[in-house]
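The file query-v8.pdb comes next; it holds PDB, C-alpha atoms, pLDDT in the B column.
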MODEL        1
ATOM      1  CA  MET A   1       6.878 -78.233  10.695  1.00 48.00           C
ATOM      2  CA  ARG A   2       9.498 -76.806   8.464  1.00 50.00           C
ATOM      3  CA  TYR A   3       6.863 -76.105   5.803  1.00 49.00           C
ATOM      4  CA  ILE A   4       4.570 -74.399   8.317  1.00 51.00           C
ATOM      5  CA  THR A   5       7.327 -72.155   9.624  1.00 48.00           C
ATOM      6  CA  GLY A   6       8.413 -71.308   6.082  1.00 50.00           C
ATOM      7  CA  GLY A   7       4.822 -70.616   5.098  1.00 50.00           C
ATOM      8  CA  ILE A   8       4.321 -68.310   8.070  1.00 54.00           C
ATOM      9  CA  ALA A   9       7.565 -66.511   7.300  1.00 49.00           C
ATOM     10  CA  LEU A  10       6.603 -66.159   3.644  1.00 50.00           C
ATOM     11  CA  GLY A  11       3.151 -64.876   4.632  1.00 50.00           C
ATOM     12  CA  ALA A  12       4.670 -62.401   7.058  1.00 49.00           C
ATOM     13  CA  ALA A  13       7.145 -61.213   4.428  1.00 49.00           C
ATOM     14  CA  LEU A  14       4.347 -60.734   1.895  1.00 49.00           C
ATOM     15  CA  ALA A  15       2.209 -58.905   4.443  1.00 51.00           C
ATOM     16  CA  LEU A  16       5.039 -56.634   5.533  1.00 51.00           C
ATOM     17  CA  GLY A  17       6.095 -56.106   1.951  1.00 55.00           C
ATOM     18  CA  GLY A  18       2.549 -55.172   1.044  1.00 53.00           C
ATOM     19  CA  LEU A  19       2.339 -52.728   3.918  1.00 49.00           C
ATOM     20  CA  ALA A  20       5.701 -51.261   3.096  1.00 49.00           C
ATOM     21  CA  GLY A  21       4.649 -50.948  -0.529  1.00 49.00           C
ATOM     22  CA  ALA A  22       1.410 -49.290   0.521  1.00 49.00           C
ATOM     23  CA  ALA A  23       3.290 -46.878   2.740  1.00 48.00           C
ATOM     24  CA  THR A  24       5.749 -46.177  -0.040  1.00 49.00           C
ATOM     25  CA  SER A  25       3.035 -45.659  -2.589  1.00 49.00           C
ATOM     26  CA  ALA A  26       1.147 -43.381  -0.195  1.00 51.00           C
ATOM     27  CA  THR A  27       4.128 -41.105   0.285  1.00 54.00           C
ATOM     28  CA  ALA A  28       5.420 -41.487  -3.250  1.00 58.00           C
ATOM     29  CA  SER A  29       2.454 -39.707  -4.834  1.00 60.00           C
ATOM     30  CA  PRO A  30       2.996 -36.007  -4.147  1.00 62.00           C
ATOM     31  CA  THR A  31       0.188 -33.887  -2.839  1.00 62.00           C
ATOM     32  CA  PRO A  32      -0.922 -31.220  -5.295  1.00 64.00           C
ATOM     33  CA  ILE A  33       0.677 -27.823  -4.723  1.00 59.00           C
ATOM     34  CA  PRO A  34      -1.776 -24.912  -4.784  1.00 57.00           C
ATOM     35  CA  ALA A  35      -1.425 -22.473  -7.669  1.00 53.00           C
ATOM     36  CA  ALA A  36       1.039 -19.656  -7.067  1.00 47.00           C
ATOM     37  CA  GLN A  37      -0.521 -16.432  -5.861  1.00 50.00           C
ATOM     38  CA  THR A  38       0.251 -13.401  -7.999  1.00 50.00           C
ATOM     39  CA  GLN A  39      -0.652 -10.934  -5.278  1.00 56.00           C
ATOM     40  CA  SER A  40       2.200  -9.384  -3.357  1.00 56.00           C
ATOM     41  CA  LEU A  41       2.223  -8.594   0.340  1.00 57.00           C
ATOM     42  CA  TYR A  42       1.920  -4.862  -0.363  1.00 49.00           C
ATOM     43  CA  ALA A  43      -0.714  -2.986  -2.302  1.00 53.00           C
ATOM     44  CA  PRO A  44       0.680  -1.365  -5.458  1.00 81.00           C
ATOM     45  CA  SER A  45      -0.902   1.985  -4.478  1.00 91.00           C
ATOM     46  CA  ALA A  46      -0.633   2.721  -0.763  1.00 94.00           C
ATOM     47  CA  LEU A  47       0.336   6.103   0.695  1.00 96.00           C
ATOM     48  CA  VAL A  48       0.772   7.893   4.012  1.00 97.00           C
ATOM     49  CA  LEU A  49      -0.267  11.545   3.719  1.00 97.00           C
ATOM     50  CA  THR A  50       0.574  14.242   6.286  1.00 97.00           C
ATOM     51  CA  ILE A  51      -0.097  17.929   6.885  1.00 97.00           C
ATOM     52  CA  GLY A  52       2.263  19.738   9.220  1.00 96.00           C
ATOM     53  CA  GLN A  53       3.062  23.201  10.509  1.00 95.00           C
ATOM     54  CA  GLY A  54       6.539  24.289   9.435  1.00 95.00           C
ATOM     55  CA  ASP A  55       8.701  25.124   6.436  1.00 92.00           C
ATOM     56  CA  SER A  56       9.916  21.571   5.661  1.00 93.00           C
ATOM     57  CA  ALA A  57       8.950  18.001   6.386  1.00 92.00           C
ATOM     58  CA  ALA A  58      12.022  17.600   8.587  1.00 92.00           C
ATOM     59  CA  SER A  59      11.114  20.511  10.863  1.00 90.00           C
ATOM     60  CA  ALA A  60       7.307  20.530  10.600  1.00 90.00           C
ATOM     61  CA  GLY A  61       5.209  19.249  13.450  1.00 92.00           C
ATOM     62  CA  VAL A  62       2.704  16.808  11.966  1.00 94.00           C
ATOM     63  CA  GLN A  63      -0.837  17.984  12.671  1.00 95.00           C
ATOM     64  CA  ARG A  64      -2.751  15.321  10.731  1.00 96.00           C
ATOM     65  CA  ALA A  65      -1.876  12.048   9.015  1.00 97.00           C
ATOM     66  CA  VAL A  66      -3.943   9.533   7.066  1.00 98.00           C
ATOM     67  CA  THR A  67      -3.442   6.423   4.968  1.00 97.00           C
ATOM     68  CA  LEU A  68      -4.722   6.032   1.430  1.00 97.00           C
ATOM     69  CA  THR A  69      -4.868   2.771  -0.520  1.00 94.00           C
ATOM     70  CA  CYS A  70      -6.189   2.900  -4.080  1.00 93.00           C
ATOM     71  CA  THR A  71      -5.576  -0.640  -5.353  1.00 85.00           C
ATOM     72  CA  PRO A  72      -7.339  -3.067  -5.441  1.00 81.00           C
ATOM     73  CA  LYS A  73     -10.034  -0.721  -4.099  1.00 86.00           C
ATOM     74  CA  ALA A  74     -10.096   2.637  -2.351  1.00 92.00           C
ATOM     75  CA  GLY A  75      -9.483   2.370   1.373  1.00 94.00           C
ATOM     76  CA  GLY A  76      -7.563   3.715   4.327  1.00 96.00           C
ATOM     77  CA  THR A  77      -8.216   6.344   6.993  1.00 97.00           C
ATOM     78  CA  HIS A  78      -8.602   9.208   4.484  1.00 97.00           C
ATOM     79  CA  PRO A  79     -12.140  10.668   4.800  1.00 97.00           C
ATOM     80  CA  ASN A  80     -12.725  10.636   0.994  1.00 97.00           C
ATOM     81  CA  THR A  81     -10.779   7.658  -0.331  1.00 97.00           C
ATOM     82  CA  ARG A  82     -12.651   7.435  -3.632  1.00 96.00           C
ATOM     83  CA  GLY A  83     -12.278  11.141  -4.414  1.00 97.00           C
ATOM     84  CA  ALA A  84      -8.587  11.213  -3.498  1.00 97.00           C
ATOM     85  CA  CYS A  85      -7.831   8.102  -5.564  1.00 96.00           C
ATOM     86  CA  ALA A  86      -9.783   9.547  -8.505  1.00 96.00           C
ATOM     87  CA  GLN A  87      -7.789  12.801  -8.352  1.00 96.00           C
ATOM     88  CA  LEU A  88      -4.509  10.888  -8.286  1.00 96.00           C
ATOM     89  CA  ARG A  89      -5.571   8.742 -11.242  1.00 94.00           C
ATOM     90  CA  VAL A  90      -6.581  11.804 -13.294  1.00 95.00           C
ATOM     91  CA  THR A  91      -3.191  13.441 -12.658  1.00 95.00           C
ATOM     92  CA  GLY A  92      -1.261  10.215 -13.180  1.00 92.00           C
ATOM     93  CA  GLY A  93      -0.017  10.362  -9.579  1.00 93.00           C
ATOM     94  CA  ASP A  94       1.640  13.770 -10.153  1.00 95.00           C
ATOM     95  CA  PHE A  95       1.477  15.444  -6.745  1.00 96.00           C
ATOM     96  CA  ASP A  96       2.695  18.752  -8.217  1.00 95.00           C
ATOM     97  CA  LYS A  97      -0.545  18.886 -10.240  1.00 95.00           C
ATOM     98  CA  VAL A  98      -2.593  17.822  -7.219  1.00 94.00           C
ATOM     99  CA  THR A  99      -1.194  20.621  -5.024  1.00 95.00           C
ATOM    100  CA  LYS A 100      -1.227  23.406  -7.610  1.00 93.00           C
ATOM    101  CA  VAL A 101      -2.710  26.600  -6.129  1.00 90.00           C
ATOM    102  CA  LYS A 102      -5.739  27.684  -8.122  1.00 84.00           C
ATOM    103  CA  GLU A 103      -5.160  30.722 -10.322  1.00 85.00           C
ATOM    104  CA  GLY A 104      -6.772  33.902  -9.101  1.00 85.00           C
ATOM    105  CA  THR A 105      -6.489  32.925  -5.442  1.00 88.00           C
ATOM    106  CA  ALA A 106      -6.022  36.014  -3.282  1.00 91.00           C
ATOM    107  CA  CYS A 107      -4.025  35.304  -0.130  1.00 91.00           C
ATOM    108  CA  THR A 108      -2.095  37.534   2.226  1.00 90.00           C
ATOM    109  CA  ARG A 109       1.689  37.462   2.030  1.00 91.00           C
ATOM    110  CA  GLU A 110       2.201  36.294   5.593  1.00 94.00           C
ATOM    111  CA  TRP A 111       4.780  33.573   6.237  1.00 95.00           C
ATOM    112  CA  ASN A 112       3.065  30.882   8.272  1.00 95.00           C
ATOM    113  CA  PRO A 113       4.192  27.751   6.414  1.00 96.00           C
ATOM    114  CA  SER A 114       2.366  24.452   6.165  1.00 95.00           C
ATOM    115  CA  THR A 115       3.943  21.368   4.604  1.00 96.00           C
ATOM    116  CA  VAL A 116       2.191  18.395   3.031  1.00 96.00           C
ATOM    117  CA  THR A 117       3.906  15.068   2.357  1.00 97.00           C
ATOM    118  CA  ALA A 118       3.107  11.828   0.583  1.00 97.00           C
ATOM    119  CA  GLU A 119       5.200   8.697   1.185  1.00 97.00           C
ATOM    120  CA  GLY A 120       4.649   5.219  -0.137  1.00 95.00           C
ATOM    121  CA  VAL A 121       3.891   3.554  -3.466  1.00 93.00           C
ATOM    122  CA  TRP A 122       1.753   4.789  -6.333  1.00 93.00           C
ATOM    123  CA  GLU A 123       1.047   2.226  -9.068  1.00 90.00           C
ATOM    124  CA  GLY A 124       4.237   0.338  -8.252  1.00 90.00           C
ATOM    125  CA  ARG A 125       6.510   3.422  -8.115  1.00 92.00           C
ATOM    126  CA  ARG A 126       8.065   4.699  -4.918  1.00 94.00           C
ATOM    127  CA  VAL A 127       6.727   8.128  -3.937  1.00 95.00           C
ATOM    128  CA  SER A 128       8.371  10.704  -1.692  1.00 96.00           C
ATOM    129  CA  PHE A 129       6.670  14.082  -2.118  1.00 97.00           C
ATOM    130  CA  GLU A 130       6.880  17.291  -0.100  1.00 97.00           C
ATOM    131  CA  ARG A 131       5.310  20.716  -0.752  1.00 96.00           C
ATOM    132  CA  THR A 132       5.415  23.784   1.478  1.00 96.00           C
ATOM    133  CA  PHE A 133       2.664  26.401   1.273  1.00 95.00           C
ATOM    134  CA  ALA A 134       3.411  29.937   2.508  1.00 94.00           C
ATOM    135  CA  ASN A 135       0.302  30.133   4.697  1.00 94.00           C
ATOM    136  CA  PRO A 136      -3.005  28.400   5.491  1.00 93.00           C
ATOM    137  CA  CYS A 137      -4.784  30.321   2.702  1.00 94.00           C
ATOM    138  CA  GLU A 138      -2.438  28.855   0.070  1.00 94.00           C
ATOM    139  CA  LEU A 139      -2.770  25.417   1.658  1.00 94.00           C
ATOM    140  CA  LYS A 140      -6.556  25.611   1.402  1.00 93.00           C
ATOM    141  CA  ALA A 141      -6.352  26.734  -2.231  1.00 93.00           C
ATOM    142  CA  GLY A 142      -3.866  24.056  -3.250  1.00 92.00           C
ATOM    143  CA  LYS A 143      -4.430  20.938  -1.231  1.00 91.00           C
ATOM    144  CA  GLY A 144      -6.950  19.355  -3.585  1.00 90.00           C
ATOM    145  CA  THR A 145      -8.981  16.321  -2.577  1.00 94.00           C
ATOM    146  CA  VAL A 146      -5.878  14.291  -1.786  1.00 96.00           C
ATOM    147  CA  PHE A 147      -4.834  16.507   1.135  1.00 96.00           C
ATOM    148  CA  GLU A 148      -8.383  17.371   2.235  1.00 95.00           C
ATOM    149  CA  PHE A 149      -8.383  15.774   5.677  1.00 93.00           C
TER     150      PHE A 149
ENDMDL
END

Mind turning this structure into structure tokens?
Amino acid sequence: MRYITGGIALGAALALGGLAGAATSATASPTPIPAAQTQSLYAPSALVLTIGQGDSAASAGVQRAVTLTCTPKAGGTHPNTRGACAQLRVTGGDFDKVTKVKEGTACTREWNPSTVTAEGVWEGRRVSFERTFANPCELKAGKGTVFEF
């Protein structure tokens, strides 16, 4: 009887040891970790563009606002995302060049200011741009494709 009891105990110990070993080996091998993603949470070129009535961004009432994302592809609520992104790429993201009033433009000298702004990120650089045009004629002559909305 002693041999039977010892045999059962030895069998149970081997069985439990085998199960414990299986459980240990199952948890000991780590699950593969997926490759790190190089994409960030924010697009490297994403802007909010506004046009407002007033002599500065702080005092202007915003009349229109759109979003413009140029990377990885053109998108946003801007009506001509491809054209606006192309103009920004050509100028290297220089909003002063984008909003330059065309030479030879004949406008009245009335003071009815309109202000355009661009806030966000352009090719990884923070952008905070503001330009005030003297009147709607100058705005039309200088807004370019970027502020054509």

How would you write, as a ChimeraX atom specification, the residues chosen by the PyMOL selection byres ((chain A and resi 89-91) around 12) on this structure? /A:45,70-71,74,82-88,92-100,122-123,144-146

What does the distance from atom CA of Asp55 of chain A to atom CA of Pro113 of chain A come to in Å, to one decimal?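 Those two atoms sit 5.2 Å apart.
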
Point-to-point distance from atom CA of Gly75 of chain A to atom CA of Gly54 of chain A, Å rounded to tenths: 28.3 Å

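The space separating atom CA of Val101 of chain A from atom CA of Gln53 of chain A comes to 17.9 Å.
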
A:Cys107, A:Thr132, A:Glu138, A:Leu49 ranked by distance to Thr81 of chain A, top pick (using only C-alpha atoms):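 Distance minimum relative to Thr81 of chain A lands on A:Leu49.
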
Would you please work out which residue, of A:Gly124, A:Gly104, A:Gly76, A:Pro136, is nearest to Gly52 of chain A when using all atoms listed in the file? A:Pro136

Would you kindly translate the PyMOL selection byres ((chain A and resi 61) around 12) into the concrete residues it picks from this file, as a VMD selection string? chain A and resid 50 to 60 62 to 65 113 to 117

Written as a ChimeraX atom specification, which residues does the PyMOL selection byres ((chain A and resi 109) around 10) give for the file shown? /A:106-108,110-112,134-135,137-138

Is there a way to get, as a list in words, all residues within 6 Å of the point (2.4, 5.4, 4.3) in file coordinates, counting all atoms listed in the file? Leu47, Val48, Thr67, Glu119 and Gly120 of chain A

Those residues you just picked out, can you put them in a file as a short mmCIF file (atom, residue, chain, number, x, y, z; two decimals), in the frame of the given file with C-alpha atoms?
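Wrote it out as part.cif, contents follow:
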data_model
loop_
_atom_site.label_atom_id
_atom_site.label_comp_id
_atom_site.auth_asym_id
_atom_site.auth_seq_id
_atom_site.Cartn_x
_atom_site.Cartn_y
_atom_site.Cartn_z
CA LEU A 47 0.34 6.10 0.70
CA VAL A 48 0.77 7.89 4.01
CA THR A 67 -3.44 6.42 4.97
CA GLU A 119 5.20 8.70 1.18
CA GLY A 120 4.65 5.22 -0.14
#

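Near Pro79 of chain A, within a cut-off of 9 Å and counting all atoms listed in the file, sit the residues A:Val66, A:Glu148, A:Phe149, with same-chain residues fewer than 5 positions away left out.
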